[in-house]
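Okay, work.pdb now, which holds PDB, C-alpha atoms:
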```
ATOM      1  CA  MET P  98      -0.076  16.861 -17.780
ATOM      2  CA  ILE P  99      -3.629  17.322 -16.582
ATOM      3  CA  ALA P 100      -4.524  20.992 -16.134
ATOM      4  CA  LEU P 101      -6.073  21.308 -12.701
ATOM      5  CA  ILE P 102      -6.771  25.009 -12.376
ATOM      6  CA  GLY P 103      -9.416  25.060 -15.090
ATOM      7  CA  LYS P 104     -13.088  25.079 -14.128
ATOM      8  CA  ASP P 105     -13.733  21.678 -15.693
ATOM      9  CA  ASN P 106     -11.266  20.022 -13.333
ATOM     10  CA  GLU P 107     -11.949  21.831 -10.049
ATOM     11  CA  SER P 108     -14.328  19.281  -8.527
ATOM     12  CA  VAL P 109     -12.267  16.336  -9.772
ATOM     13  CA  PHE P 110      -9.113  17.802  -8.253
ATOM     14  CA  ALA P 111     -10.804  18.685  -4.970
ATOM     15  CA  ASN P 112     -12.180  15.183  -4.578
ATOM     16  CA  THR P 113      -8.701  13.670  -4.849
ATOM     17  CA  LEU P 114      -7.339  15.620  -1.891
ATOM     18  CA  ILE P 115      -9.384  13.940   0.818
ATOM     19  CA  ALA P 116      -7.695  13.971   4.236
ATOM     20  CA  ASP P 117      -4.647  15.882   3.053
ATOM     21  CA  ARG P 118      -5.377  19.553   2.605
ATOM     22  CA  ILE P 119      -7.508  22.440   3.775
ATOM     23  CA  TYR P 120     -11.151  23.274   3.327
ATOM     24  CA  PHE P 121     -13.587  26.051   4.022
ATOM     25  CA  SER P 122     -17.192  25.751   5.137
ATOM     26  CA  ARG P 123     -20.001  28.287   5.157
ATOM     27  CA  ILE P 124     -21.268  29.290   8.612
ATOM     28  CA  GLY P 125     -24.780  30.688   8.348
ATOM     29  CA  GLU P 126     -25.573  32.573   5.172
ATOM     30  CA  ASP P 127     -22.509  34.727   4.633
ATOM     31  CA  LYS P 128     -19.828  33.814   7.186
ATOM     32  CA  LYS P 129     -16.971  31.453   6.396
ATOM     33  CA  GLN P 130     -14.476  29.788   8.668
ATOM     34  CA  VAL P 131     -11.317  27.773   8.143
ATOM     35  CA  PHE P 132     -11.472  24.283   9.599
ATOM     36  CA  THR P 133      -7.963  23.232  10.552
ATOM     37  CA  SER P 134      -8.387  19.494  10.187
ATOM     38  CA  ASP P 135      -7.993  17.089   7.272
ATOM     39  CA  LEU P 136     -11.563  16.212   6.494
ATOM     40  CA  GLU P 137     -12.638  17.548   3.122
ATOM     41  CA  ALA P 138     -11.469  19.185  -0.115
ATOM     42  CA  ILE P 139     -10.155  22.633  -0.997
ATOM     43  CA  GLU P 140     -12.401  24.035  -3.693
ATOM     44  CA  ASP P 141     -12.366  27.510  -2.129
ATOM     45  CA  VAL P 142      -8.559  27.636  -2.106
ATOM     46  CA  ILE P 143      -8.750  27.179  -5.865
ATOM     47  CA  SER P 144     -11.249  30.052  -5.958
ATOM     48  CA  ILE P 145      -8.889  32.289  -3.971
ATOM     49  CA  ILE P 146      -5.982  31.639  -6.319
ATOM     50  CA  GLN P 147      -8.101  32.214  -9.410
ATOM     51  CA  ALA P 148      -9.523  35.458  -7.986
ATOM     52  CA  MET P 149      -6.063  36.728  -7.040
ATOM     53  CA  GLY P 150      -4.846  35.937 -10.550
ATOM     54  CA  ARG P 151      -7.587  38.133 -11.967
ATOM     55  CA  PHE P 152      -6.739  40.866  -9.447
ATOM     56  CA  LEU P 153      -3.047  40.803 -10.370
ATOM     57  CA  SER P 154      -3.877  40.938 -14.069
ATOM     58  CA  GLY P 155      -5.503  44.332 -13.471
ATOM     59  CA  GLU P 156      -9.185  43.438 -13.120
ATOM     60  CA  THR P 157     -10.756  45.899 -10.680
ATOM     61  CA  LEU P 158     -13.111  45.462  -7.733
ATOM     62  CA  THR P 159     -15.372  48.279  -8.902
ATOM     63  CA  GLY P 160     -16.773  49.761 -12.097
ATOM     64  CA  VAL P 161     -18.782  52.762 -13.228
ATOM     65  CA  SER P 162     -22.373  52.568 -14.418
ATOM     66  CA  SER P 163     -23.729  54.413 -17.454
ATOM     67  CA  ASP P 164     -25.011  57.195 -15.196
ATOM     68  CA  GLY P 165     -21.637  57.573 -13.451
ATOM     69  CA  ARG P 166     -22.366  55.649 -10.256
ATOM     70  CA  LEU P 167     -19.617  53.532  -8.686
ATOM     71  CA  LEU P 168     -20.577  49.856  -8.670
ATOM     72  CA  VAL P 169     -19.093  46.648  -7.273
ATOM     73  CA  SER P 170     -17.708  44.477 -10.092
ATOM     74  CA  ASP P 171     -18.076  40.702 -10.381
ATOM     75  CA  LEU P 172     -14.561  40.288  -9.023
ATOM     76  CA  GLY P 173     -15.392  42.702  -6.199
ATOM     77  CA  LYS P 174     -18.371  40.556  -5.214
ATOM     78  CA  GLU P 175     -16.253  37.411  -5.215
ATOM     79  CA  ILE P 176     -13.446  38.946  -3.167
ATOM     80  CA  SER P 177     -15.986  40.427  -0.733
ATOM     81  CA  SER P 178     -17.118  36.874  -0.050
ATOM     82  CA  LEU P 179     -13.547  35.601   0.283
ATOM     83  CA  LEU P 180     -12.786  38.343   2.815
ATOM     84  CA  GLU P 181     -15.090  36.570   5.257
ATOM     85  CA  HIS P 182     -12.608  33.688   5.537
ATOM     86  CA  ASP P 183     -10.752  33.423   8.828
ATOM     87  CA  SER P 184      -7.394  34.499   7.454
ATOM     88  CA  PHE P 185      -5.590  34.216  10.801
ATOM     89  CA  ALA P 186      -6.629  30.577  11.190
ATOM     90  CA  LEU P 187      -5.542  29.936   7.613
ATOM     91  CA  ARG P 188      -2.048  31.267   8.299
ATOM     92  CA  GLN P 189      -1.752  29.166  11.441
ATOM     93  CA  ALA P 190      -2.924  26.075   9.594
ATOM     94  CA  LEU P 191      -0.367  26.536   6.829
ATOM     95  CA  GLU P 192       2.633  27.074   9.101
ATOM     96  CA  GLY P 193       5.348  24.803   7.739
ATOM     97  CA  ALA P 194       3.942  24.823   4.209
ATOM     98  CA  ARG P 195       5.196  26.685   1.151
ATOM     99  CA  ARG P 196       2.013  28.181  -0.242
ATOM    100  CA  HIS P 197       0.964  29.405  -3.651
ATOM    101  CA  PRO P 198       2.321  32.983  -4.130
ATOM    102  CA  TYR P 199      -1.159  34.372  -4.757
ATOM    103  CA  LEU P 200      -2.293  33.486  -1.227
ATOM    104  CA  SER P 201      -0.048  36.324   0.003
ATOM    105  CA  VAL P 202      -2.206  38.762  -1.970
ATOM    106  CA  MET P 203      -5.308  37.443  -0.225
ATOM    107  CA  GLU P 204      -3.543  38.005   3.091
ATOM    108  CA  LYS P 205      -2.852  41.636   2.180
ATOM    109  CA  LEU P 206      -6.496  42.192   1.273
ATOM    110  CA  SER P 207      -7.667  40.517   4.492
ATOM    111  CA  ASP P 208      -5.294  42.544   6.675
ATOM    112  CA  ALA P 209      -6.311  45.818   5.059
ATOM    113  CA  TYR P 210     -10.006  44.863   5.249
ATOM    114  CA  ARG P 211      -9.681  44.495   9.034
ATOM    115  CA  ASP P 212      -7.719  47.739   9.436
ATOM    116  CA  TYR P 213     -10.238  50.550  10.053
ATOM    117  CA  ASP P 214      -7.667  53.138   9.011
ATOM    118  CA  VAL P 215      -7.737  51.608   5.523
ATOM    119  CA  PHE P 216     -11.188  50.181   5.161
ATOM    120  CA  ASP P 217     -14.307  51.416   6.979
ATOM    121  CA  TRP P 218     -17.827  50.755   5.722
ATOM    122  CA  ALA P 219     -19.044  53.798   7.649
ATOM    123  CA  ARG P 220     -17.044  56.159   5.428
ATOM    124  CA  GLY P 221     -19.107  55.540   2.328
ATOM    125  CA  CYS P 222     -20.879  53.004   0.172
ATOM    126  CA  ARG P 223     -19.689  49.462  -0.315
ATOM    127  CA  ALA P 224     -18.182  50.201  -3.725
ATOM    128  CA  ALA P 225     -16.221  53.182  -2.349
ATOM    129  CA  GLY P 226     -14.872  51.006   0.440
ATOM    130  CA  LEU P 227     -13.702  48.327  -1.997
ATOM    131  CA  GLN P 228     -12.127  50.969  -4.207
ATOM    132  CA  ALA P 229     -10.121  52.319  -1.244
ATOM    133  CA  LEU P 230      -9.140  48.770  -0.273
ATOM    134  CA  GLU P 231      -7.943  47.994  -3.792
ATOM    135  CA  GLU P 232      -5.890  51.190  -4.094
ATOM    136  CA  TYR P 233      -4.149  50.514  -0.778
ATOM    137  CA  VAL P 234      -3.280  46.905  -1.586
ATOM    138  CA  ARG P 235      -2.069  47.626  -5.112
ATOM    139  CA  LEU P 236       0.288  50.290  -3.750
ATOM    140  CA  ASP P 237       1.494  47.849  -1.091
ATOM    141  CA  ILE P 238       2.231  45.197  -3.739
ATOM    142  CA  GLN P 239       4.047  47.763  -5.849
ATOM    143  CA  ARG P 240       6.199  48.857  -2.894
ATOM    144  CA  GLU P 241       7.189  45.290  -1.958
ATOM    145  CA  CYS P 242       7.743  43.864  -5.424
ATOM    146  CA  SER P 243       5.279  43.971  -8.276
ATOM    147  CA  ALA P 244       2.411  42.033  -9.752
ATOM    148  CA  ASP P 245       4.777  40.707 -12.422
ATOM    149  CA  VAL P 246       7.066  39.207  -9.773
ATOM    150  CA  LEU P 247       4.146  37.361  -8.175
ATOM    151  CA  ARG P 248       2.910  36.093 -11.539
ATOM    152  CA  ASN P 249       6.400  34.899 -12.475
ATOM    153  CA  SER P 250       6.702  33.172  -9.117
ATOM    154  CA  ALA P 251       3.390  31.387  -9.720
ATOM    155  CA  ARG P 252       4.544  30.286 -13.182
ATOM    156  CA  SER P 253       7.759  28.957 -11.644
ATOM    157  CA  VAL P 254       5.743  26.803  -9.247
ATOM    158  CA  VAL P 255       3.750  25.356 -12.137
ATOM    159  CA  ARG P 256       6.912  24.694 -14.158
ATOM    160  CA  GLY P 257       8.426  22.821 -11.222
ATOM    161  CA  VAL P 258       5.362  20.620 -10.830
ATOM    162  CA  ARG P 259       5.265  19.884 -14.550
ATOM    163  CA  LYS P 260       8.963  19.038 -14.571
ATOM    164  CA  ASN P 261       8.426  16.534 -11.746
ATOM    165  CA  TYR P 262       5.485  15.010 -13.547
ATOM    166  CA  ALA P 263       7.398  14.724 -16.829
ATOM    167  CA  SER P 264      10.162  12.737 -15.114
ATOM    168  CA  LEU P 265       7.611  10.528 -13.374
ATOM    169  CA  ASP P 266       5.693  10.009 -16.622
ATOM    170  CA  ALA P 267       8.908   8.782 -18.248
ATOM    171  CA  LEU P 268       9.480   6.323 -15.394
ATOM    172  CA  LEU P 269       5.909   5.006 -15.632
ATOM    173  CA  SER P 270       6.118   4.624 -19.407
ATOM    174  CA  GLU P 271       9.364   2.698 -19.073
ATOM    175  CA  LEU P 272       7.880   0.455 -16.393
ATOM    176  CA  SER P 273       4.785  -0.250 -18.500
ATOM    177  CA  ALA P 274       7.028  -1.399 -21.360
ATOM    178  CA  LYS P 275       8.557  -4.105 -19.175
ATOM    179  CA  GLU P 276       7.334  -7.646 -19.643
ATOM    180  CA  LYS P 277       6.964  -8.136 -15.890
ATOM    181  CA  CYS P 278       3.557  -7.865 -14.272
ATOM    182  CA  LEU P 279       3.777  -5.161 -11.612
ATOM    183  CA  ASN P 280       1.555  -3.846  -8.831
ATOM    184  CA  ALA P 281       1.588  -0.241  -7.653
ATOM    185  CA  VAL P 282       1.709  -0.290  -3.850
ATOM    186  CA  SER P 283       1.596   2.831  -1.713
ATOM    187  CA  VAL P 284       3.288   2.968   1.690
ATOM    188  CA  ASP P 285       2.589   6.071   3.781
ATOM    189  CA  LEU P 286       4.702   7.224   6.697
ATOM    190  CA  ARG P 287       2.172   8.818   9.006
ATOM    191  CA  TYR P 288       2.554  10.757  12.243
ATOM    192  CA  ILE P 289       0.147  11.720  14.976
ATOM    193  CA  HIS P 290       0.104  15.489  15.186
ATOM    194  CA  GLU P 291       1.014  16.140  18.818
ATOM    195  CA  GLY P 292      -0.644  19.548  18.678
ATOM    196  CA  PHE P 293      -4.002  17.847  19.171
ATOM    197  CA  HIS P 294      -2.790  16.570  22.533
ATOM    198  CA  GLY P 295      -1.418  19.913  23.709
ATOM    199  CA  CYS P 296       2.172  18.694  23.666
ATOM    200  CA  GLY P 297       3.493  20.589  20.668
ATOM    201  CA  GLU P 298       4.694  19.045  17.432
ATOM    202  CA  LYS P 299       7.654  16.662  17.719
ATOM    203  CA  HIS P 300       8.420  15.762  14.134
ATOM    204  CA  SER P 301       9.664  17.891  11.247
ATOM    205  CA  ALA P 302      10.117  17.627   7.491
ATOM    206  CA  GLU P 303      13.762  16.682   8.098
ATOM    207  CA  SER P 304      12.853  13.836  10.460
ATOM    208  CA  VAL P 305      10.247  12.523   8.019
ATOM    209  CA  LYS P 306      12.841  12.488   5.229
ATOM    210  CA  LYS P 307      15.213  10.496   7.470
ATOM    211  CA  ASP P 308      12.453   7.974   8.175
ATOM    212  CA  LEU P 309      11.714   7.736   4.462
ATOM    213  CA  ASP P 310      15.385   7.094   3.645
ATOM    214  CA  MET P 311      15.477   4.373   6.300
ATOM    215  CA  LEU P 312      12.336   2.743   4.898
ATOM    216  CA  LEU P 313      13.733   2.727   1.355
ATOM    217  CA  LYS P 314      16.959   1.148   2.622
ATOM    218  CA  PHE P 315      15.126  -1.672   4.409
ATOM    219  CA  ILE P 316      12.832  -2.349   1.463
ATOM    220  CA  ASP P 317      15.858  -2.533  -0.854
ATOM    221  CA  ASN P 318      17.493  -5.043   1.470
ATOM    222  CA  SER P 319      14.355  -7.120   2.005
ATOM    223  CA  PHE P 320      13.097  -7.190  -1.615
ATOM    224  CA  PRO P 321      16.210  -6.716  -3.764
ATOM    225  CA  GLU P 322      14.794  -8.549  -6.802
ATOM    226  CA  SER P 323      11.123  -7.650  -6.502
ATOM    227  CA  ILE P 324      11.025  -3.834  -6.730
ATOM    228  CA  SER P 325      11.207  -2.487 -10.290
ATOM    229  CA  GLY P 326      11.063   1.165  -9.235
ATOM    230  CA  TYR P 327       9.391   3.683  -6.963
ATOM    231  CA  PHE P 328       8.636   7.367  -6.463
ATOM    232  CA  TRP P 329       8.198   9.306  -3.234
ATOM    233  CA  ARG P 330       6.878  12.625  -2.061
ATOM    234  CA  LEU P 331       6.990  14.549   1.199
ATOM    235  CA  GLU P 332       3.489  15.693   2.129
ATOM    236  CA  PHE P 333       1.923  18.418   4.240
ATOM    237  CA  GLY P 334      -1.492  18.016   5.868
ATOM    238  CA  LEU P 335      -3.286  20.034   8.509
ATOM    239  CA  SER P 336      -3.741  17.373  11.169
ATOM    240  CA  ARG P 337      -0.902  15.148   9.996
ATOM    241  CA  ARG P 338       1.459  18.030   9.296
ATOM    242  CA  PHE P 339       4.568  16.479   7.740
ATOM    243  CA  TYR P 340       4.421  12.943   6.400
ATOM    244  CA  ALA P 341       5.542  11.003   3.333
ATOM    245  CA  ARG P 342       4.183   8.737   0.626
ATOM    246  CA  VAL P 343       6.201   6.279  -1.450
ATOM    247  CA  VAL P 344       4.747   4.181  -4.277
ATOM    248  CA  PHE P 345       6.595   0.948  -5.036
ATOM    249  CA  PHE P 346       6.209  -1.044  -8.250
ATOM    250  CA  VAL P 347       6.358  -4.618  -7.019
ATOM    251  CA  GLU P 348       6.441  -7.807  -9.069
ATOM    252  CA  SER P 349       3.066  -9.509  -8.731
ATOM    253  CA  SER P 350       4.675 -12.767  -7.629
ATOM    254  CA  SER P 351       6.007 -10.970  -4.526
ATOM    255  CA  VAL P 352       3.308  -8.411  -3.854
ATOM    256  CA  LYS P 353       1.441 -10.456  -1.211
ATOM    257  CA  SER P 354       4.595 -11.008   0.798
ATOM    258  CA  PHE P 355       5.369  -7.284   0.407
ATOM    259  CA  PHE P 356       2.001  -6.366   1.925
ATOM    260  CA  SER P 357       2.544  -8.875   4.728
ATOM    261  CA  TYR P 358       6.003  -7.503   5.451
ATOM    262  CA  ILE P 359       4.734  -3.975   5.914
ATOM    263  CA  LYS P 360       1.687  -5.036   7.934
ATOM    264  CA  GLU P 361       3.269  -7.666  10.169
ATOM    265  CA  GLN P 362       6.921  -6.708  10.370
ATOM    266  CA  GLY P 363       6.711  -3.032   9.584
ATOM    267  CA  SER P 364       6.712  -1.921  13.191
ATOM    268  CA  ASN P 365       8.881   0.977  14.244
ATOM    269  CA  GLU P 366      11.328  -1.283  16.017
ATOM    270  CA  MET P 367      11.753  -3.658  13.079
ATOM    271  CA  LEU P 368      12.192  -0.954  10.447
ATOM    272  CA  ARG P 369      13.992   1.363  12.832
ATOM    273  CA  VAL P 370      12.066   4.413  11.745
ATOM    274  CA  SER P 371      11.229   6.922  14.464
ATOM    275  CA  ARG P 372       8.933   5.844  17.280
ATOM    276  CA  ASP P 373       6.295   8.425  16.360
ATOM    277  CA  CYS P 374       5.975   7.049  12.825
ATOM    278  CA  TYR P 375       3.494   4.396  11.733
ATOM    279  CA  LEU P 376       3.140   2.810   8.296
ATOM    280  CA  THR P 377       0.065   2.168   6.189
ATOM    281  CA  VAL P 378       0.138   0.027   3.046
ATOM    282  CA  TYR P 379      -2.525  -0.076   0.345
ATOM    283  CA  ASP P 380      -3.031  -0.535  -3.371
ATOM    284  CA  PHE P 381      -2.216   2.773  -5.044
ATOM    285  CA  LEU P 382      -5.078   2.616  -7.545
ATOM    286  CA  ASP P 383      -8.060   1.448  -5.511
ATOM    287  CA  GLY P 384      -6.926   2.193  -1.940
ATOM    288  CA  ASN P 385      -7.593  -1.330  -0.682
ATOM    289  CA  ASP P 386      -5.328  -2.894   1.945
ATOM    290  CA  SER P 387      -4.631  -5.829  -0.371
ATOM    291  CA  PRO P 388      -3.058  -6.075  -3.865
ATOM    292  CA  GLY P 389      -5.152  -4.819  -6.757
ATOM    293  CA  ASP P 390      -4.840  -5.127 -10.533
ATOM    294  CA  CYS P 391      -1.490  -5.708 -12.172
ATOM    295  CA  ILE P 392      -0.460  -2.685 -14.244
ATOM    296  CA  GLY P 393       0.960  -5.014 -16.874
ATOM    297  CA  SER P 394      -2.544  -6.206 -17.708
ATOM    298  CA  GLY P 395      -3.309  -3.312 -20.026
ATOM    299  CA  ALA P 396      -2.697   0.322 -20.948
ATOM    300  CA  LEU P 397      -5.726   1.452 -18.938
ATOM    301  CA  ASN P 398      -4.150   0.779 -15.541
ATOM    302  CA  ILE P 399      -0.887   2.564 -16.314
ATOM    303  CA  GLN P 400      -2.878   5.584 -17.507
ATOM    304  CA  ARG P 401      -4.906   5.502 -14.292
ATOM    305  CA  ILE P 402      -1.649   5.572 -12.333
ATOM    306  CA  LYS P 403      -0.390   8.515 -14.404
ATOM    307  CA  ASP P 404      -3.614  10.414 -13.840
ATOM    308  CA  LYS P 405      -3.599   9.798 -10.095
ATOM    309  CA  ALA P 406       0.092  10.723  -9.812
ATOM    310  CA  ALA P 407      -0.628  13.948 -11.716
ATOM    311  CA  PHE P 408      -3.254  14.928  -9.178
ATOM    312  CA  PHE P 409      -0.955  14.216  -6.239
ATOM    313  CA  LEU P 410       1.920  16.220  -7.695
ATOM    314  CA  SER P 411      -0.294  19.098  -8.788
ATOM    315  CA  ALA P 412      -1.322  19.679  -5.183
ATOM    316  CA  ASP P 413       2.134  21.263  -4.872
ATOM    317  CA  GLU P 414       0.818  24.164  -6.939
ATOM    318  CA  PHE P 415      -1.213  25.183  -3.896
ATOM    319  CA  MET P 416       0.863  24.186  -0.883
ATOM    320  CA  ARG P 417       3.784  21.888  -0.219
ATOM    321  CA  VAL P 418       6.357  21.146   2.426
ATOM    322  CA  ASP P 419       8.673  24.065   3.090
ATOM    323  CA  PHE P 420      11.894  22.064   3.136
ATOM    324  CA  SER P 421      14.799  24.517   3.041
ATOM    325  CA  ARG P 422      15.103  24.402  -0.750
ATOM    326  CA  ARG P 423      15.581  20.638  -0.676
ATOM    327  CA  ARG P 424      13.625  18.197  -2.781
ATOM    328  CA  VAL P 425      10.154  17.097  -1.745
ATOM    329  CA  PHE P 426       9.763  14.637  -4.642
ATOM    330  CA  GLY P 427      12.037  11.911  -5.951
ATOM    331  CA  LYS P 428      12.081   8.653  -7.891
ATOM    332  CA  SER P 429      14.287   5.700  -8.613
ATOM    333  CA  GLY P 430      15.478   4.481 -11.969
ATOM    334  CA  VAL P 431      13.932   1.416 -13.575
ATOM    335  CA  ARG P 432      15.446  -1.779 -12.299
ATOM    336  CA  CYS P 433      15.831  -4.877 -14.434
TER     337      CYS P 433
END
```
Produce structure tokens that represent the structure in this file.
Amino acid sequence: MIALIGKDNESVFANTLIADRIYFSRIGEDKKQVFTSDLEAIEDVISIIQAMGRFLSGETLTGVSSDGRLLVSDLGKEISSLLEHDSFALRQALEGARRHPYLSVMEKLSDAYRDYDVFDWARGCRAAGLQALEEYVRLDIQRECSADVLRNSARSVVRGVRKNYASLDALLSELSAKEKCLNAVSVDLRYIHEGFHGCGEKHSAESVKKDLDMLLKFIDNSFPESISGYFWRLEFGLSRRFYARVVFFVESSSVKSFFSYIKEQGSNEMLRVSRDCYLTVYDFLDGNDSPGDCIGSGALNIQRIKDKAAFFLSADEFMRVDFSRRRVFGKSGVRC
């Protein structure tokens, strides 16, 4: 599986999460604010998780110079910058999502940073303030659980994502070995987030899953011989909140009629999904609203699909639908 946390892959990963996740933007020279809309990528969320990993491993926010003076360490400088994020807006934006465990450490640092009983620049130099902040938060982590528990939880998240990808990789390899020429077609179940209209949010992860099950049932009935397999995933976005994506592998001889079915007959009433749901259909590889290359035309296309699927699934390392311990990813078997 592609490793996405490494520095070499940060920009590549961030660029794949357009219109789905969260991003930060600098305001002025040193202020940062969370924008709660799906517009850009999440490079700074990666930075937060990496910085918290270093913090939990024991790296300190301060150090001592050769002449005994207390200095701010490299990690201290980075976390000082991250403390300018609007942590309250971040928590609101992620309501309904199961976040990376390390984001809770950032929350503790942010809360303590804004508590004058814990952290007050007026009491001493910047390094002394960071040292007091670190001591308070480390004790708080120790009281609640431990750094080891958080690290193990983070490893568990990664193992789960890799397990999902391994099963999907097996499905894709089996599909690529078939003699049939197949197209990868993505169908998204989208919802208008009612919060933007001041009416509150009407749909939930459970209702999206019901709509997804209904869609799969109607596709099975309408194209019983044309679908060789599929995989699906429940998604979480800031403006879209809960939605779903399913990728069908459709025989090329039927792919045009498949597109037409979704576009022309895929209304809520015809498919009997919820009234608030609307469907979008596009080629999984190039994003066009018409069929693209057949994945049976060469090994390159199937590898492109594997790479893109890896990026989608790996987003779950950072945040995913909080779905009462139920599955947020699934796939079919290969059909003859």
Problem set entry | Given the PyMOL selection byres ((chain P and resi 157) around 12), the residues it picks as a ChimeraX atom specification | /P:148-156,158-161,167-176,224,227-232,234-235
Exercise. Using the chain letters and numbers from the file, which residues does the PyMOL selection byres ((chain P and resi 264-270) around 10) grab, as a PyMOL selection string?
Worked result: chain P and resi 98+259-263+271-275+326-328+346+396+399-400+402-404+406-407+410+426-431
Exercise. If the PyMOL selection byres ((chain P and resi 377-385) around 7) is run on the structure shown, which residues does it catch, given as a list in words?
Worked result: Ala281, Val282, Ser283, Val284, Asp285, Leu286, Phe356, Ile359, Tyr375, Leu376, Asp386, Ser387, Pro388, Gly389 and Ile402 of chain P
Produce a file of the selected residues containing C-alpha atoms, as a short mmCIF file (atom, residue, chain, number, x, y, z; two decimals), in the coordinates of the input.
```
data_model
loop_
_atom_site.label_atom_id
_atom_site.label_comp_id
_atom_site.auth_asym_id
_atom_site.auth_seq_id
_atom_site.Cartn_x
_atom_site.Cartn_y
_atom_site.Cartn_z
CA ALA P 281 1.59 -0.24 -7.65
CA VAL P 282 1.71 -0.29 -3.85
CA SER P 283 1.60 2.83 -1.71
CA VAL P 284 3.29 2.97 1.69
CA ASP P 285 2.59 6.07 3.78
CA LEU P 286 4.70 7.22 6.70
CA PHE P 356 2.00 -6.37 1.92
CA ILE P 359 4.73 -3.98 5.91
CA TYR P 375 3.49 4.40 11.73
CA LEU P 376 3.14 2.81 8.30
CA ASP P 386 -5.33 -2.89 1.94
CA SER P 387 -4.63 -5.83 -0.37
CA PRO P 388 -3.06 -6.08 -3.86
CA GLY P 389 -5.15 -4.82 -6.76
CA ILE P 402 -1.65 5.57 -12.33
#
```
For this session: Using CA of Val215 in chain P and CA of Tyr199 in chain P as the two end points, give the distance in Å to one decimal.
Result: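 Rounded to one decimal, the two atoms are 21.1 Å apart.
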Problem set entry | Residue nearest Tyr358 in chain P - candidates P:Asn249, P:Gln147, P:Ser319, P:Ser163, atoms counted: all atoms listed in the file |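 Checking each of P:Asn249, P:Gln147, P:Ser319, P:Ser163 against Tyr358 in chain P, counting all atoms listed in the file, the winner is P:Ser319.
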Exercise. Using only C-alpha atoms, which of P:Arg424, P:Ser207, P:Val202, P:Val255 sits nearest Ser243 in chain P?
Worked result: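 Nearest to Ser243 in chain P: P:Val202.
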Problem set entry | Closest of P:Glu181, P:Glu348, P:Glu361, P:Asp419 to Cys278 in chain P - atom-to-atom distances counting only C-alpha atoms |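 Among P:Glu181, P:Glu348, P:Glu361, P:Asp419, it is P:Glu348 that comes nearest to Cys278 in chain P.
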Exercise. With distances taken over all atoms listed in the file, which of P:Glu303, P:His197, P:Ser351, P:Asp214 is nearest to Arg422 in chain P?
Worked result: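 Among the listed residues, P:Glu303 lies closest to Arg422 in chain P.
Separating CA of Ile392 in chain P from CA of Ser349 in chain P is a distance of 9.5 Å.
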For this session: Go ahead and compute the interatomic distance for CA of Cys374 in chain P and CA of Val254 in chain P, in Å to one decimal.
Result: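 The value is 29.6 Å.
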For this session: Taking (12.1, 11.5, -2.2) in the file's own coordinates, collect the residues within 12 Å, counting only C-alpha atoms, and hand them back as an MDAnalysis selection string.
Result: chainID P and resid 261 302:303 305:313 327:332 340:344 420 423:429
